[in-house]
Amino acid sequence: MSKAALIIIDMINTYDHEDAELLLPSAESVVPVVSDLAERARRRSVPVIYVNDNFGEWRSHHGELLNRALAGPHAHLVEPLRPDADSLFVLKTRHSVFFDTPLQYLLRQQGIEQLVLCGQVTEQCVLYSALDAHIRHFQVTVPEDAVAHIHADLARAALRMMERNMGARVCRSQELWM
């Protein structure tokens, strides 16, 4: 069995952006699933890595992003996903967790071969991250109940593309680390 890491994408969020109103209902449903998945990963000593948009705040670091999100009107979506002391945190610049980030180097240094991608947005950041992981020869798993979407139809198509075109395992979160 290859060494895995849980990648939590863009869940440290103020939801003060275009499409937030469309994203919020789906985000509400996945927060408890992602939180549970992170706890199960931690109990199994699986690295939990947050990869988060910096929202154009180039001087920010993860603590500032977390504090700003916790001070906002949607703190209830962030609090259950607060990184613990052992969590790793990578800021990203665009949609993919790999684009202009040190993530690939970090994963290779830790001997990680399998990525479990969760977070938001299925049809954007999760899809692009899965593609970039695939072309970097990582095994990809996407728990479909742990990814939030803006458009349900596009999310279903994205999951199908990840499975069919990228060889990703699409499953339910309860199938992981039980």
# chains A, B, ... in the order shown; residues from 1 in each chain; ligands from 1
$ select_by_dssp --residues "chain A" --states "strand (DSSP E)" --output "ChimeraX atom specification"
/A:4-9,48-53,88-92,114-120,139-143,147-148,169-171
$ write_last_selection --atoms "N, CA, C and O atoms" --output "compact mmCIF listing (two decimals), in the first residue's frame"
# COMPACT_ATOMS: atom_id res chain seq x y z
N ALA A 4 -0.04 7.65 1.79
CA ALA A 4 -1.06 8.62 1.38
C ALA A 4 -0.96 9.90 2.19
O ALA A 4 -0.39 9.93 3.28
N ALA A 5 -1.54 10.95 1.64
CA ALA A 5 -1.74 12.22 2.35
C ALA A 5 -3.14 12.71 2.02
O ALA A 5 -3.65 12.50 0.92
N LEU A 6 -3.76 13.35 2.99
CA LEU A 6 -5.06 13.99 2.79
C LEU A 6 -4.80 15.45 2.44
O LEU A 6 -4.14 16.17 3.19
N ILE A 7 -5.30 15.87 1.29
CA ILE A 7 -5.14 17.26 0.83
C ILE A 7 -6.49 17.94 0.97
O ILE A 7 -7.47 17.55 0.31
N ILE A 8 -6.55 18.96 1.82
CA ILE A 8 -7.78 19.73 2.04
C ILE A 8 -7.64 21.03 1.26
O ILE A 8 -6.81 21.88 1.59
N ILE A 9 -8.49 21.18 0.25
CA ILE A 9 -8.35 22.28 -0.70
C ILE A 9 -9.33 23.42 -0.40
O ILE A 9 -10.55 23.21 -0.38
N VAL A 48 -1.96 15.42 6.99
CA VAL A 48 -3.06 16.27 6.56
C VAL A 48 -2.43 17.58 6.10
O VAL A 48 -1.76 18.27 6.87
N ILE A 49 -2.67 17.89 4.83
CA ILE A 49 -2.06 19.07 4.23
C ILE A 49 -3.15 19.98 3.70
O ILE A 49 -3.94 19.58 2.84
N TYR A 50 -3.20 21.17 4.23
CA TYR A 50 -4.14 22.19 3.74
C TYR A 50 -3.45 22.94 2.61
O TYR A 50 -2.33 23.41 2.78
N VAL A 51 -4.12 23.02 1.47
CA VAL A 51 -3.62 23.82 0.36
C VAL A 51 -4.71 24.83 0.06
O VAL A 51 -5.83 24.46 -0.26
N ASN A 52 -4.39 26.08 0.25
CA ASN A 52 -5.42 27.11 0.26
C ASN A 52 -5.07 28.30 -0.60
O ASN A 52 -3.92 28.72 -0.66
N ASP A 53 -6.09 28.82 -1.24
CA ASP A 53 -5.96 30.07 -1.98
C ASP A 53 -5.55 31.18 -1.01
O ASP A 53 -5.96 31.17 0.16
N LEU A 88 0.10 20.43 7.85
CA LEU A 88 0.95 21.24 7.00
C LEU A 88 0.05 22.20 6.22
O LEU A 88 -1.13 21.93 6.02
N PHE A 89 0.61 23.31 5.77
CA PHE A 89 -0.19 24.33 5.09
C PHE A 89 0.62 24.90 3.93
O PHE A 89 1.76 25.32 4.11
N VAL A 90 0.02 24.88 2.75
CA VAL A 90 0.66 25.42 1.55
C VAL A 90 -0.29 26.45 0.94
O VAL A 90 -1.48 26.16 0.76
N LEU A 91 0.21 27.62 0.65
CA LEU A 91 -0.60 28.63 -0.05
C LEU A 91 -0.46 28.41 -1.54
O LEU A 91 0.63 28.14 -2.05
N LYS A 92 -1.59 28.52 -2.23
CA LYS A 92 -1.56 28.35 -3.69
C LYS A 92 -1.95 29.66 -4.36
O LYS A 92 -2.58 30.52 -3.77
N GLN A 114 0.15 8.63 -2.86
CA GLN A 114 -1.30 8.67 -3.06
C GLN A 114 -1.86 9.93 -2.41
O GLN A 114 -1.55 10.25 -1.26
N LEU A 115 -2.71 10.64 -3.16
CA LEU A 115 -3.35 11.84 -2.64
C LEU A 115 -4.85 11.62 -2.53
O LEU A 115 -5.49 11.18 -3.50
N VAL A 116 -5.39 11.94 -1.37
CA VAL A 116 -6.84 11.96 -1.19
C VAL A 116 -7.22 13.43 -1.21
O VAL A 116 -6.85 14.19 -0.31
N LEU A 117 -7.94 13.82 -2.26
CA LEU A 117 -8.31 15.22 -2.46
C LEU A 117 -9.71 15.47 -1.95
O LEU A 117 -10.65 14.77 -2.35
N CYS A 118 -9.87 16.47 -1.10
CA CYS A 118 -11.19 16.88 -0.65
C CYS A 118 -11.21 18.40 -0.55
O CYS A 118 -10.17 19.05 -0.66
N GLY A 119 -12.40 18.96 -0.37
CA GLY A 119 -12.50 20.42 -0.25
C GLY A 119 -13.37 21.00 -1.34
O GLY A 119 -14.37 20.43 -1.75
N GLN A 120 -12.95 22.15 -1.84
CA GLN A 120 -13.78 22.86 -2.81
C GLN A 120 -12.91 23.55 -3.85
O GLN A 120 -11.78 23.87 -3.56
N GLN A 139 -1.14 8.68 -7.32
CA GLN A 139 -2.44 8.01 -7.30
C GLN A 139 -3.43 8.98 -6.67
O GLN A 139 -3.11 9.63 -5.66
N VAL A 140 -4.61 9.10 -7.24
CA VAL A 140 -5.59 10.08 -6.76
C VAL A 140 -6.86 9.37 -6.31
O VAL A 140 -7.39 8.51 -7.02
N THR A 141 -7.33 9.77 -5.14
CA THR A 141 -8.62 9.33 -4.61
C THR A 141 -9.42 10.58 -4.30
O THR A 141 -8.89 11.54 -3.72
N VAL A 142 -10.70 10.58 -4.69
CA VAL A 142 -11.58 11.71 -4.40
C VAL A 142 -12.84 11.16 -3.73
O VAL A 142 -13.66 10.50 -4.39
N PRO A 143 -13.00 11.41 -2.44
CA PRO A 143 -14.25 11.03 -1.78
C PRO A 143 -15.35 12.01 -2.19
O PRO A 143 -15.32 13.18 -1.83
N VAL A 147 -16.31 16.73 -1.24
CA VAL A 147 -15.98 17.82 -2.15
C VAL A 147 -17.23 18.66 -2.40
O VAL A 147 -18.30 18.13 -2.67
N ALA A 148 -17.07 19.96 -2.28
CA ALA A 148 -18.19 20.90 -2.47
C ALA A 148 -18.17 21.45 -3.89
O ALA A 148 -17.11 21.57 -4.51
N ARG A 169 -9.65 7.16 -8.15
CA ARG A 169 -10.64 6.38 -7.43
C ARG A 169 -11.64 7.38 -6.85
O ARG A 169 -11.27 8.24 -6.04
N VAL A 170 -12.89 7.27 -7.26
CA VAL A 170 -13.96 8.10 -6.69
C VAL A 170 -14.75 7.18 -5.78
O VAL A 170 -15.21 6.11 -6.21
N CYS A 171 -14.89 7.57 -4.51
CA CYS A 171 -15.51 6.71 -3.53
C CYS A 171 -16.25 7.56 -2.50
O CYS A 171 -16.30 8.79 -2.62
$ select_by_dssp --residues "segment 38-122 of chain A" --states "alpha helix (DSSP H)" --output "PyMOL selection string"
chain A and resi 38-43+62-70+75-78+103-109
$ closest_residue --among "A:Asp145, A:Glu163, A:Glu64, A:Glu113" --to "Pro32 of chain A" --atoms "only C-alpha atoms"
A:Asp145
$ closest_residue --among "A:Val97, A:Met178, A:Ala146, A:Ala27" --to "Cys125 of chain A" --atoms "only C-alpha atoms"
A:Val97
$ atom_distance --atom1 "atom CA of Met11 of chain A" --atom2 "atom CA of Phe98 of chain A"
16.4 Å
